[in-house]
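Participant: Got a structure for you, questions after.
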Amino acid sequence: MKHTLRLLASGALAVASAFAAHAEDFRLGLITPPPHIWTKAAEAFGADLAEASGGAHSVSVFPARQLGNEAEMLQQLQTGALDMAFMTVAEVSNRAPDFGAFYAPFLANDIGHAARIIQSDYARGMLDQLPGKVGVVGLGYGMAGLRQIVSRGDVSSAGDLAGKKLRITPFEPILDFYSALGAAPTPMPLPAVYEALANGQVDAIDMDAELIWVLKYYEHADTIIESNHMMFPMVGLVSAKVWAGLSEDDRASISELMNKHLASVVGSYVEKDPVWLGQVKDTGKTYTQVDPAFFGDAVDAWNAKWSEKSTALEGLRAVAADTAE
């Protein structure tokens with residue numbers, strides 16, 4: 001009996017030791033503030049992973065650029081210093097130009113169409129190139145809302161933006177678009193945007209409806225332009241070095257749960273983007289809805305340039321055509 005108890009105790013200790021050896025507190029970085037939909041989804045993913053693993057795994061979420069900007073976090077993912085990130089596809093496109101095709105002007109007709117494009121098999125297939133090209137594993141896509149323009153001055157035509165300092169996310173596709181428009185695209189981190197718009201450091205900003213409303217950028221605007229001119233996808237990433245050290249069961253669980261919460265992000269924007277736009281419109285600011293013709297030759301100029309940079313542009317256009325309603 002004593003021998004049996006000793007064996008049972010030894011077995012339990014061995015299991016516990018093995019369990020502890022594989023336990024992991026993953027670190028997940030984002031640039032978005034704590035109340036943001038992306039951040040909340042990351043926290044929910046961490047909670048689900050802890051529950052599914054019986055406490056063996058947990059996720060510490062670092063929002064608001066606590067671990068650096070996206071370029072710095074991507075470097076950390078490549079070295080294995082950072083385990084996971086919810087990152088704009090914009091930053092990924094700086095390393096893997098094919099992903100710049102997601103920002104083709106007016107690729108999506110509306111927010112629901114944008115969701116169908118990024119959830120397509122073709123879009124998911126594009127993730128296969130990330131381990132080799134970028135040193136990360138892409139598990140799936142989220143997104144923010146479509147892009148709009150907020151201006152301190154009156155804007156009745158695209159010509160009114162010529163020469164104006166317009167805040168952008170620092171990546172090539174959007175830089176090329178506003179350069180073609182004749183504006184002066186000005187890269188700037190998100191935390192600096194409110195004050196920059198308030199004090200005239202920038203004349204206008206490129207932004208999604210959520211942040212225009214929630215962070216009250218409209219307070220320092222004279223004109224809101226609802227253009228819906230670009231998608232803004234996000235991707236859930238895991239360091240390829242970290243991924244290589246995970247068991248198949250852990251990989252499957254992480255992939256399943258992360259995709260669950262990425263899908264919830266997409267669903268939230270499909271539901272809420274029109275609501276935020278309506279709230280911004282109700283502020284009484286000059287509110288203008290425009291179509292591709294507003295941007296003149298800039299759309300064609302962007303398409304010509306990026307058809308040479310991204311081999312995925314034609315494929316995503318085909319997906320867009322197939323998923324349009």
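Labels used: A, B, ... for chains in the order of the structure tokens, numbers from 1 for residues in each chain, and numbers from 1 for ligands as shown.
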Sort by chain and increasing residue number a table of all residues of region 144-229 of chain A within 8 Å of region 103-112 of chain A, each with its closest pair of atoms and their distance in Å to one decimal, counting only C-alpha atoms, and write it as a Markdown table.

Facilitator:
| residue | atom | partner | partner_atom | distance |
| --- | --- | --- | --- | --- |
| A:Gly145 | CA | A:Ile111 | CA | 6.8 |
| A:Leu146 | CA | A:Ile111 | CA | 6.5 |
| A:Pro173 | CA | A:Tyr103 | CA | 6.4 |
| A:Ile174 | CA | A:Tyr103 | CA | 7.4 |
| A:Asn228 | CA | A:Asp110 | CA | 7.2 |
| A:His229 | CA | A:Phe106 | CA | 5.0 |

Participant: Just the selected residues (C-alpha atoms), exported as a JSON list (two decimals), in the first residue's frame, please.

Facilitator:
[["chain", "number", "residue", "atom", "x", "y", "z"],
["A", 145, "GLY", "CA", -13.12, 50.65, -39.42],
["A", 146, "LEU", "CA", -12.73, 52.15, -42.86],
["A", 173, "PRO", "CA", 0.54, 52.46, -48.98],
["A", 174, "ILE", "CA", -1.11, 55.38, -47.22],
["A", 228, "ASN", "CA", -14.45, 55.07, -46.57],
["A", 229, "HIS", "CA", -11.44, 55.15, -48.86]]

Participant: Would you give me, as a CSV table (one decimal) with all heavy atoms, in the first residue's frame, the residues in region 36-212 of chain A that DSSP reads as strand (DSSP E or B)?

Facilitator:
chain,number,residue,atom,x,y,z
A,57,HIS,N,-1.2,28.2,-19.1
A,57,HIS,CA,-0.8,29.3,-19.9
A,57,HIS,C,-1.6,30.6,-19.5
A,57,HIS,O,-2.8,30.5,-19.2
A,57,HIS,CB,-1.0,29.1,-21.4
A,57,HIS,CG,-0.2,27.9,-22.0
A,57,HIS,ND1,1.1,27.7,-21.7
A,57,HIS,CD2,-0.6,26.9,-22.8
A,57,HIS,CE1,1.6,26.7,-22.3
A,57,HIS,NE2,0.6,26.1,-23.0
A,58,SER,N,-1.0,31.7,-19.6
A,58,SER,CA,-1.6,33.0,-19.4
A,58,SER,C,-1.1,34.0,-20.4
A,58,SER,O,-0.1,33.7,-21.1
A,58,SER,CB,-1.4,33.5,-18.0
A,58,SER,OG,0.0,33.6,-17.7
A,59,VAL,N,-1.7,35.1,-20.5
A,59,VAL,CA,-1.3,36.1,-21.5
A,59,VAL,C,-1.3,37.5,-20.7
A,59,VAL,O,-2.3,37.9,-20.2
A,59,VAL,CB,-2.2,36.2,-22.7
A,59,VAL,CG1,-1.8,37.3,-23.6
A,59,VAL,CG2,-2.3,34.9,-23.4
A,60,SER,N,-0.2,38.1,-20.7
A,60,SER,CA,-0.1,39.5,-20.2
A,60,SER,C,-0.1,40.4,-21.4
A,60,SER,O,0.7,40.3,-22.3
A,60,SER,CB,1.3,39.7,-19.4
A,60,SER,OG,1.3,38.8,-18.3
A,61,VAL,N,-1.1,41.3,-21.4
A,61,VAL,CA,-1.4,42.2,-22.5
A,61,VAL,C,-0.7,43.6,-22.2
A,61,VAL,O,-0.9,44.1,-21.1
A,61,VAL,CB,-2.9,42.4,-22.7
A,61,VAL,CG1,-3.1,43.4,-23.8
A,61,VAL,CG2,-3.5,41.0,-23.1
A,62,PHE,N,0.0,44.1,-23.1
A,62,PHE,CA,0.7,45.4,-23.0
A,62,PHE,C,0.2,46.3,-24.1
A,62,PHE,O,0.7,46.3,-25.2
A,62,PHE,CB,2.2,45.2,-23.1
A,62,PHE,CG,2.8,44.4,-22.0
A,62,PHE,CD1,2.9,43.0,-22.2
A,62,PHE,CD2,3.3,44.9,-20.9
A,62,PHE,CE1,3.4,42.2,-21.2
A,62,PHE,CE2,3.9,44.2,-19.9
A,62,PHE,CZ,4.0,42.8,-20.0
A,84,MET,N,3.7,37.5,-28.8
A,84,MET,CA,2.5,37.7,-29.6
A,84,MET,C,2.2,39.2,-29.8
A,84,MET,O,2.7,40.0,-29.0
A,84,MET,CB,1.2,37.0,-29.0
A,84,MET,CG,1.4,35.6,-28.7
A,84,MET,SD,-0.1,35.0,-27.7
A,84,MET,CE,0.3,33.2,-27.6
A,85,ALA,N,1.4,39.5,-30.8
A,85,ALA,CA,1.0,40.9,-31.0
A,85,ALA,C,-0.3,40.9,-31.8
A,85,ALA,O,-0.5,40.0,-32.7
A,85,ALA,CB,2.1,41.7,-31.7
A,86,PHE,N,-1.1,41.9,-31.6
A,86,PHE,CA,-2.2,42.3,-32.5
A,86,PHE,C,-1.6,43.5,-33.2
A,86,PHE,O,-1.5,44.6,-32.5
A,86,PHE,CB,-3.5,42.6,-31.8
A,86,PHE,CG,-4.2,41.4,-31.3
A,86,PHE,CD1,-3.8,40.1,-31.5
A,86,PHE,CD2,-5.5,41.6,-30.7
A,86,PHE,CE1,-4.5,39.0,-31.1
A,86,PHE,CE2,-6.2,40.5,-30.2
A,86,PHE,CZ,-5.7,39.2,-30.4
A,87,MET,N,-1.4,43.4,-34.5
A,87,MET,CA,-0.6,44.5,-35.2
A,87,MET,C,-1.3,44.9,-36.4
A,87,MET,O,-1.9,44.0,-37.1
A,87,MET,CB,0.8,43.9,-35.5
A,87,MET,CG,1.8,45.0,-36.0
A,87,MET,SD,3.5,44.3,-36.1
A,87,MET,CE,3.9,44.2,-34.3
A,88,THR,N,-1.2,46.1,-36.8
A,88,THR,CA,-1.8,46.6,-38.1
A,88,THR,C,-1.1,45.8,-39.2
A,88,THR,O,0.1,45.6,-39.2
A,88,THR,CB,-1.6,48.1,-38.3
A,88,THR,OG1,-0.2,48.4,-38.4
A,88,THR,CG2,-2.2,48.9,-37.1
A,136,VAL,N,7.5,35.7,-38.4
A,136,VAL,CA,6.3,35.6,-37.5
A,136,VAL,C,5.3,34.6,-38.1
A,136,VAL,O,5.4,34.3,-39.3
A,136,VAL,CB,5.7,37.0,-37.3
A,136,VAL,CG1,6.6,37.9,-36.5
A,136,VAL,CG2,5.2,37.6,-38.6
A,137,VAL,N,4.4,34.1,-37.3
A,137,VAL,CA,3.3,33.3,-37.7
A,137,VAL,C,2.0,34.1,-37.6
A,137,VAL,O,1.7,34.6,-36.6
A,137,VAL,CB,3.2,32.0,-36.9
A,137,VAL,CG1,2.0,31.2,-37.3
A,137,VAL,CG2,4.5,31.2,-37.0
A,138,GLY,N,1.3,34.2,-38.8
A,138,GLY,CA,0.1,35.0,-38.8
A,138,GLY,C,-1.1,34.0,-38.6
A,138,GLY,O,-1.2,33.0,-39.4
A,139,LEU,N,-1.9,34.2,-37.6
A,139,LEU,CA,-3.0,33.2,-37.3
A,139,LEU,C,-4.3,33.7,-37.8
A,139,LEU,O,-5.2,32.8,-38.0
A,139,LEU,CB,-3.1,33.1,-35.7
A,139,LEU,CG,-1.9,32.4,-35.1
A,139,LEU,CD1,-2.2,32.2,-33.6
A,139,LEU,CD2,-1.5,31.1,-35.7
A,140,GLY,N,-4.5,35.0,-38.1
A,140,GLY,CA,-5.8,35.4,-38.6
A,140,GLY,C,-5.9,36.9,-38.6
A,140,GLY,O,-4.9,37.6,-38.1
A,141,TYR,N,-7.0,37.4,-39.1
A,141,TYR,CA,-7.1,38.9,-39.2
A,141,TYR,C,-8.2,39.4,-38.3
A,141,TYR,O,-9.3,38.8,-38.1
A,141,TYR,CB,-7.5,39.2,-40.6
A,141,TYR,CG,-6.5,38.9,-41.7
A,141,TYR,CD1,-6.6,37.7,-42.4
A,141,TYR,CD2,-5.4,39.7,-41.9
A,141,TYR,CE1,-5.7,37.4,-43.4
A,141,TYR,CE2,-4.5,39.4,-42.9
A,141,TYR,CZ,-4.6,38.3,-43.7
A,141,TYR,OH,-3.7,38.0,-44.6
A,142,GLY,N,-8.0,40.6,-37.8
A,142,GLY,CA,-9.0,41.5,-37.3
A,142,GLY,C,-9.0,42.8,-38.2
A,142,GLY,O,-8.5,42.8,-39.3
A,143,MET,N,-9.6,43.8,-37.7
A,143,MET,CA,-9.6,45.1,-38.5
A,143,MET,C,-10.1,46.2,-37.6
A,143,MET,O,-10.6,46.0,-36.5
A,143,MET,CB,-10.5,45.0,-39.7
A,143,MET,CG,-11.9,44.9,-39.5
A,143,MET,SD,-12.8,44.9,-41.1
A,143,MET,CE,-14.5,44.9,-40.5
A,147,ARG,N,-11.3,54.1,-43.4
A,147,ARG,CA,-10.7,55.3,-43.1
A,147,ARG,C,-11.5,56.5,-43.6
A,147,ARG,O,-12.1,56.5,-44.6
A,147,ARG,CB,-9.3,55.4,-43.8
A,147,ARG,CG,-8.4,54.2,-43.5
A,147,ARG,CD,-8.2,54.0,-42.0
A,147,ARG,NE,-7.2,54.9,-41.5
A,147,ARG,CZ,-6.8,54.9,-40.2
A,147,ARG,NH1,-7.4,54.0,-39.4
A,147,ARG,NH2,-5.9,55.7,-39.7
A,148,GLN,N,-11.4,57.6,-42.8
A,148,GLN,CA,-12.1,58.8,-43.0
A,148,GLN,C,-11.1,60.0,-42.9
A,148,GLN,O,-9.9,59.7,-42.4
A,148,GLN,CB,-13.3,59.0,-42.0
A,148,GLN,CG,-14.1,57.8,-41.7
A,148,GLN,CD,-14.8,57.2,-42.9
A,148,GLN,OE1,-15.0,57.8,-43.9
A,148,GLN,NE2,-15.2,55.9,-42.7
A,149,ILE,N,-11.5,61.2,-43.2
A,149,ILE,CA,-10.6,62.4,-43.1
A,149,ILE,C,-11.2,63.4,-42.1
A,149,ILE,O,-12.4,63.7,-42.3
A,149,ILE,CB,-10.3,63.0,-44.4
A,149,ILE,CG1,-9.6,61.9,-45.3
A,149,ILE,CG2,-9.4,64.2,-44.3
A,149,ILE,CD1,-9.5,62.4,-46.8
A,150,VAL,N,-10.5,63.9,-41.2
A,150,VAL,CA,-10.9,65.0,-40.3
A,150,VAL,C,-10.0,66.2,-40.6
A,150,VAL,O,-8.7,66.0,-40.5
A,150,VAL,CB,-10.8,64.5,-38.8
A,150,VAL,CG1,-11.1,65.7,-37.9
A,150,VAL,CG2,-11.6,63.3,-38.6
A,151,SER,N,-10.6,67.3,-40.8
A,151,SER,CA,-9.8,68.5,-41.2
A,151,SER,C,-10.1,69.7,-40.3
A,151,SER,O,-11.2,70.0,-40.0
A,151,SER,CB,-10.0,68.9,-42.7
A,151,SER,OG,-9.4,70.1,-43.0
A,165,LYS,N,-0.6,69.5,-44.1
A,165,LYS,CA,0.0,68.4,-43.2
A,165,LYS,C,-1.1,67.5,-42.7
A,165,LYS,O,-2.0,67.9,-42.0
A,165,LYS,CB,0.8,69.1,-42.1
A,165,LYS,CG,2.0,69.8,-42.5
A,165,LYS,CD,2.7,70.4,-41.4
A,165,LYS,CE,3.4,69.3,-40.6
A,165,LYS,NZ,4.3,69.9,-39.4
A,166,LEU,N,-1.1,66.3,-43.2
A,166,LEU,CA,-2.1,65.3,-42.9
A,166,LEU,C,-1.6,64.1,-42.2
A,166,LEU,O,-0.7,63.4,-42.7
A,166,LEU,CB,-2.9,64.9,-44.2
A,166,LEU,CG,-4.2,64.2,-44.1
A,166,LEU,CD1,-5.1,64.5,-45.3
A,166,LEU,CD2,-4.0,62.7,-44.0
A,167,ARG,N,-2.0,63.9,-40.9
A,167,ARG,CA,-1.4,62.8,-40.1
A,167,ARG,C,-1.8,61.5,-40.7
A,167,ARG,O,-3.0,61.2,-41.1
A,167,ARG,CB,-2.0,62.9,-38.7
A,167,ARG,CG,-1.4,61.8,-37.8
A,167,ARG,CD,-2.3,60.5,-37.8
A,167,ARG,NE,-1.7,59.4,-37.0
A,167,ARG,CZ,-2.2,58.2,-36.9
A,167,ARG,NH1,-3.3,57.9,-37.4
A,167,ARG,NH2,-1.5,57.3,-36.2
A,168,ILE,N,-0.8,60.6,-40.8
A,168,ILE,CA,-1.1,59.2,-41.3
A,168,ILE,C,-0.4,58.2,-40.4
A,168,ILE,O,0.5,58.6,-39.6
A,168,ILE,CB,-0.5,59.0,-42.8
A,168,ILE,CG1,1.0,59.2,-42.8
A,168,ILE,CG2,-1.2,60.0,-43.7
A,168,ILE,CD1,1.6,58.7,-44.1
A,184,ALA,N,0.6,66.7,-47.7
A,184,ALA,CA,1.9,66.5,-47.1
A,184,ALA,C,1.7,65.5,-46.0
A,184,ALA,O,1.5,65.8,-44.8
A,184,ALA,CB,2.5,67.8,-46.5
A,185,PRO,N,1.7,64.2,-46.3
A,185,PRO,CA,1.5,63.1,-45.3
A,185,PRO,C,2.5,63.2,-44.2
A,185,PRO,O,3.7,63.3,-44.5
A,185,PRO,CB,1.6,61.8,-46.1
A,185,PRO,CG,2.3,62.2,-47.4
A,185,PRO,CD,2.0,63.6,-47.7
A,186,THR,N,2.0,63.1,-43.0
A,186,THR,CA,2.9,63.4,-41.8
A,186,THR,C,2.7,62.2,-40.8
A,186,THR,O,1.7,62.1,-40.1
A,186,THR,CB,2.5,64.7,-41.1
A,186,THR,OG1,2.5,65.8,-42.0
A,186,THR,CG2,3.4,65.0,-39.9
A,187,PRO,N,3.6,61.2,-40.8
A,187,PRO,CA,3.5,60.1,-39.9
A,187,PRO,C,3.6,60.6,-38.4
A,187,PRO,O,4.3,61.5,-38.1
A,187,PRO,CB,4.8,59.3,-40.2
A,187,PRO,CG,5.1,59.7,-41.6
A,187,PRO,CD,4.8,61.1,-41.7
A,204,ALA,N,-4.9,68.1,-40.8
A,204,ALA,CA,-5.9,67.1,-41.0
A,204,ALA,C,-5.4,65.7,-40.5
A,204,ALA,O,-4.2,65.6,-40.4
A,204,ALA,CB,-6.4,67.0,-42.4
A,205,ILE,N,-6.3,64.8,-40.4
A,205,ILE,CA,-5.8,63.4,-40.0
A,205,ILE,C,-6.6,62.4,-40.8
A,205,ILE,O,-7.7,62.6,-41.2
A,205,ILE,CB,-6.0,63.1,-38.5
A,205,ILE,CG1,-7.5,63.2,-38.1
A,205,ILE,CG2,-5.2,64.1,-37.7
A,205,ILE,CD1,-7.8,62.8,-36.7
A,206,ASP,N,-6.0,61.2,-41.0
A,206,ASP,CA,-6.6,60.1,-41.6
A,206,ASP,C,-6.9,59.1,-40.5
A,206,ASP,O,-6.0,58.7,-39.7
A,206,ASP,CB,-5.6,59.4,-42.6
A,206,ASP,CG,-6.1,58.1,-43.2
A,206,ASP,OD1,-6.0,57.1,-42.6
A,206,ASP,OD2,-6.7,58.2,-44.4
A,207,MET,N,-8.2,58.8,-40.3
A,207,MET,CA,-8.6,58.1,-39.0
A,207,MET,C,-9.8,57.2,-39.3
A,207,MET,O,-10.6,57.5,-40.2
A,207,MET,CB,-8.8,59.1,-37.9
A,207,MET,CG,-8.9,58.5,-36.5
A,207,MET,SD,-7.3,57.7,-36.0
A,207,MET,CE,-6.2,59.1,-36.0
A,208,ASP,N,-10.1,56.3,-38.4
A,208,ASP,CA,-11.3,55.5,-38.5
A,208,ASP,C,-12.3,56.1,-37.6
A,208,ASP,O,-12.0,56.9,-36.7
A,208,ASP,CB,-11.0,54.0,-38.1
A,208,ASP,CG,-10.5,53.9,-36.6
A,208,ASP,OD1,-9.3,54.0,-36.4
A,208,ASP,OD2,-11.4,53.7,-35.7

Participant: Would you please extract all helix (DSSP H, G or I) residues from region 147-236 of chain A, as assigned by DSSP on the backbone, and give them as an MDAnalysis selection string?

Facilitator: chainID A and resid 158:161 172:181 190:198 209:214 217:220

Participant: Hey, what's within 8 Å of Val290 (chain A) if we count only C-alpha atoms and toss same-chain stuff fewer than 5 positions away? As a PyMOL selection string, please?

Facilitator: chain A and resi 225-227

Participant: For the residues selected in the previous step, produce a file with N, CA, C and O atoms as a PDB file, in the first residue's frame.

Facilitator:
ATOM      1  N   ILE A 225     -14.914  64.270 -43.394  1.00  0.00           N
ATOM      2  CA  ILE A 225     -15.175  63.701 -44.714  1.00  0.00           C
ATOM      3  C   ILE A 225     -15.347  62.197 -44.569  1.00  0.00           C
ATOM      4  O   ILE A 225     -14.409  61.479 -44.206  1.00  0.00           O
ATOM      5  N   GLU A 226     -16.573  61.737 -44.799  1.00  0.00           N
ATOM      6  CA  GLU A 226     -16.822  60.296 -44.797  1.00  0.00           C
ATOM      7  C   GLU A 226     -16.513  59.780 -46.202  1.00  0.00           C
ATOM      8  O   GLU A 226     -17.296  59.917 -47.125  1.00  0.00           O
ATOM      9  N   SER A 227     -15.340  59.188 -46.322  1.00  0.00           N
ATOM     10  CA  SER A 227     -14.870  58.724 -47.628  1.00  0.00           C
ATOM     11  C   SER A 227     -14.795  57.205 -47.715  1.00  0.00           C
ATOM     12  O   SER A 227     -14.893  56.648 -48.807  1.00  0.00           O
TER      13      SER A 227
END

Participant: Taking only C-alpha atoms into account, which of A:Ala44, A:Leu77, A:Asp176, A:Leu130 comes nearest Asn303 (chain A)?

Facilitator: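 Closest to Asn303 (chain A) of all the choices is A:Asp176.
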
Participant: Work out how far CA of Ala209 (chain A) is from CA of Trp276 (chain A), in Å to one decimal.

Facilitator: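 Atom-to-atom, CA of Trp276 (chain A) to CA of Ala209 (chain A), that is 5.7 Å.
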
Participant: Take CA of Phe102 (chain A) and CA of Gln76 (chain A) and report the distance between them in Å, one decimal.

Facilitator: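 Atom-to-atom, CA of Phe102 (chain A) and CA of Gln76 (chain A) are spaced 24.3 Å apart.
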
Participant: Given only C-alpha atoms as the basis, pick out the residue of A:Ala115, A:Val275, A:Ala221, A:Leu82 nearest to Ala198 (chain A).

Facilitator: A:Ala221

Participant: For Arg317 (chain A), which of A:Ala123, A:Ala42, A:Ala90, A:Met73 is the closest residue, counting only C-alpha atoms?

Facilitator: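 Among the listed residues, the smallest separation from Arg317 (chain A) belongs to A:Ala123.
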
Participant: Need the shell around Lys260 (chain A): protein/DNA/RNA residues with any atom at most 10 Å away, counting only C-alpha atoms. Skip same-chain ones fewer than 4 positions apart. Format as a PDB file with all heavy atoms, in the first residue's frame?

Facilitator:
ATOM      1  N   ALA A  41     -10.163  42.570 -26.904  1.00  0.00           N
ATOM      2  CA  ALA A  41     -10.140  41.237 -27.511  1.00  0.00           C
ATOM      3  C   ALA A  41      -8.890  40.463 -27.089  1.00  0.00           C
ATOM      4  O   ALA A  41      -8.950  39.247 -26.845  1.00  0.00           O
ATOM      5  CB  ALA A  41     -10.203  41.350 -29.025  1.00  0.00           C
ATOM      6  N   ALA A  44      -9.494  39.204 -23.603  1.00  0.00           N
ATOM      7  CA  ALA A  44     -10.446  38.087 -23.611  1.00  0.00           C
ATOM      8  C   ALA A  44      -9.789  36.819 -24.133  1.00  0.00           C
ATOM      9  O   ALA A  44     -10.048  35.709 -23.628  1.00  0.00           O
ATOM     10  CB  ALA A  44     -11.660  38.448 -24.459  1.00  0.00           C
ATOM     11  N   PHE A  45      -8.927  36.956 -25.139  1.00  0.00           N
ATOM     12  CA  PHE A  45      -8.171  35.810 -25.639  1.00  0.00           C
ATOM     13  C   PHE A  45      -7.306  35.220 -24.527  1.00  0.00           C
ATOM     14  O   PHE A  45      -7.257  33.999 -24.328  1.00  0.00           O
ATOM     15  CB  PHE A  45      -7.299  36.235 -26.823  1.00  0.00           C
ATOM     16  CG  PHE A  45      -6.114  35.345 -27.091  1.00  0.00           C
ATOM     17  CD1 PHE A  45      -6.289  34.035 -27.519  1.00  0.00           C
ATOM     18  CD2 PHE A  45      -4.820  35.823 -26.920  1.00  0.00           C
ATOM     19  CE1 PHE A  45      -5.194  33.207 -27.761  1.00  0.00           C
ATOM     20  CE2 PHE A  45      -3.721  35.006 -27.156  1.00  0.00           C
ATOM     21  CZ  PHE A  45      -3.910  33.696 -27.571  1.00  0.00           C
ATOM     22  N   ASP A  48      -9.429  33.275 -22.039  1.00  0.00           N
ATOM     23  CA  ASP A  48      -9.867  31.993 -22.591  1.00  0.00           C
ATOM     24  C   ASP A  48      -8.726  30.978 -22.643  1.00  0.00           C
ATOM     25  O   ASP A  48      -8.928  29.782 -22.381  1.00  0.00           O
ATOM     26  CB  ASP A  48     -10.433  32.189 -24.001  1.00  0.00           C
ATOM     27  CG  ASP A  48     -11.893  32.605 -23.992  1.00  0.00           C
ATOM     28  OD1 ASP A  48     -12.464  32.753 -22.895  1.00  0.00           O
ATOM     29  OD2 ASP A  48     -12.464  32.788 -25.086  1.00  0.00           O
ATOM     30  N   GLY A 140      -4.512  34.955 -38.055  1.00  0.00           N
ATOM     31  CA  GLY A 140      -5.790  35.415 -38.587  1.00  0.00           C
ATOM     32  C   GLY A 140      -5.866  36.925 -38.559  1.00  0.00           C
ATOM     33  O   GLY A 140      -4.943  37.602 -38.088  1.00  0.00           O
ATOM     34  N   ILE A 254      -4.140  27.834 -29.238  1.00  0.00           N
ATOM     35  CA  ILE A 254      -3.854  29.261 -29.420  1.00  0.00           C
ATOM     36  C   ILE A 254      -4.475  29.766 -30.719  1.00  0.00           C
ATOM     37  O   ILE A 254      -5.089  30.836 -30.753  1.00  0.00           O
ATOM     38  CB  ILE A 254      -2.334  29.502 -29.395  1.00  0.00           C
ATOM     39  CG1 ILE A 254      -1.798  29.303 -27.978  1.00  0.00           C
ATOM     40  CG2 ILE A 254      -1.991  30.903 -29.901  1.00  0.00           C
ATOM     41  CD1 ILE A 254      -0.298  29.237 -27.887  1.00  0.00           C
ATOM     42  N   SER A 255      -4.325  29.001 -31.788  1.00  0.00           N
ATOM     43  CA  SER A 255      -4.880  29.404 -33.081  1.00  0.00           C
ATOM     44  C   SER A 255      -6.401  29.518 -33.020  1.00  0.00           C
ATOM     45  O   SER A 255      -6.989  30.503 -33.478  1.00  0.00           O
ATOM     46  CB  SER A 255      -4.465  28.404 -34.159  1.00  0.00           C
ATOM     47  OG  SER A 255      -4.979  28.788 -35.418  1.00  0.00           O
ATOM     48  N   GLU A 256      -7.034  28.520 -32.434  1.00  0.00           N
ATOM     49  CA  GLU A 256      -8.495  28.515 -32.356  1.00  0.00           C
ATOM     50  C   GLU A 256      -9.014  29.700 -31.539  1.00  0.00           C
ATOM     51  O   GLU A 256      -9.939  30.406 -31.956  1.00  0.00           O
ATOM     52  CB  GLU A 256      -8.980  27.208 -31.741  1.00  0.00           C
ATOM     53  CG  GLU A 256     -10.496  27.136 -31.561  1.00  0.00           C
ATOM     54  CD  GLU A 256     -10.946  25.877 -30.841  1.00  0.00           C
ATOM     55  OE1 GLU A 256     -10.112  24.978 -30.624  1.00  0.00           O
ATOM     56  OE2 GLU A 256     -12.140  25.805 -30.488  1.00  0.00           O
ATOM     57  N   SER A 264     -14.357  38.268 -33.418  1.00  0.00           N
ATOM     58  CA  SER A 264     -15.228  39.153 -32.632  1.00  0.00           C
ATOM     59  C   SER A 264     -14.888  40.620 -32.890  1.00  0.00           C
ATOM     60  O   SER A 264     -15.771  41.485 -32.881  1.00  0.00           O
ATOM     61  CB  SER A 264     -15.104  38.833 -31.138  1.00  0.00           C
ATOM     62  OG  SER A 264     -13.909  39.339 -30.583  1.00  0.00           O
ATOM     63  N   VAL A 265     -13.600  40.900 -33.121  1.00  0.00           N
ATOM     64  CA  VAL A 265     -13.187  42.263 -33.474  1.00  0.00           C
ATOM     65  C   VAL A 265     -13.843  42.675 -34.791  1.00  0.00           C
ATOM     66  O   VAL A 265     -14.412  43.768 -34.907  1.00  0.00           O
ATOM     67  CB  VAL A 265     -11.653  42.349 -33.592  1.00  0.00           C
ATOM     68  CG1 VAL A 265     -11.228  43.651 -34.260  1.00  0.00           C
ATOM     69  CG2 VAL A 265     -11.011  42.235 -32.212  1.00  0.00           C
TER      70      VAL A 265
END

Participant: With distances taken over only C-alpha atoms, which of A:Gln119, A:Ser53, A:Gln201, A:Ser157 is nearest to Met234 (chain A)?

Facilitator: A:Gln119

Participant: Quick one: everything within 8 Å of region 240-243 of chain A, counting only C-alpha atoms, minus sequence neighbours fewer than 5 positions away in the same chain. Send it as a CSV table (one decimal) with N, CA, C and O atoms, in the first residue's frame.

Facilitator:
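Written out: result-v1.csv:
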chain,number,residue,atom,x,y,z
A,77,LEU,N,9.3,40.3,-31.9
A,77,LEU,CA,8.7,39.1,-32.3
A,77,LEU,C,9.7,38.2,-33.1
A,77,LEU,O,9.8,37.0,-32.9
A,78,GLN,N,10.5,38.9,-33.9
A,78,GLN,CA,11.4,38.1,-34.7
A,78,GLN,C,12.5,37.5,-33.9
A,78,GLN,O,13.0,36.4,-34.2
A,79,THR,N,12.9,38.1,-32.8
A,79,THR,CA,14.0,37.6,-31.9
A,79,THR,C,13.4,36.6,-30.9
A,79,THR,O,14.2,35.9,-30.2
A,80,GLY,N,12.1,36.6,-30.7
A,80,GLY,CA,11.5,35.8,-29.7
A,80,GLY,C,11.4,36.5,-28.3
A,80,GLY,O,10.9,35.9,-27.3
A,83,ASP,N,6.2,37.5,-27.5
A,83,ASP,CA,5.6,36.2,-27.9
A,83,ASP,C,4.5,36.5,-29.0
A,83,ASP,O,4.4,35.7,-30.0
A,131,PRO,N,6.2,33.5,-42.0
A,131,PRO,CA,7.3,32.9,-41.3
A,131,PRO,C,8.6,33.1,-42.0
A,131,PRO,O,9.6,33.4,-41.4
A,135,GLY,N,9.5,36.3,-40.1
A,135,GLY,CA,9.8,35.7,-38.9
A,135,GLY,C,8.7,35.6,-37.9
A,135,GLY,O,9.0,35.5,-36.7
A,136,VAL,N,7.5,35.7,-38.4
A,136,VAL,CA,6.3,35.6,-37.5
A,136,VAL,C,5.3,34.6,-38.1
A,136,VAL,O,5.4,34.3,-39.3
A,137,VAL,N,4.4,34.1,-37.3
A,137,VAL,CA,3.3,33.3,-37.7
A,137,VAL,C,2.0,34.1,-37.6
A,137,VAL,O,1.7,34.6,-36.6
A,251,ARG,N,-0.4,24.8,-30.1
A,251,ARG,CA,-0.6,25.6,-31.3
A,251,ARG,C,-2.1,25.6,-31.8
A,251,ARG,O,-2.6,26.7,-32.1

Participant: May I have the residues within 6 Å of Trp302 (chain A) as number ranges by chain, using only C-alpha atoms and disregarding those fewer than 3 positions away in the same chain?

Facilitator: A: 177, 299, 305
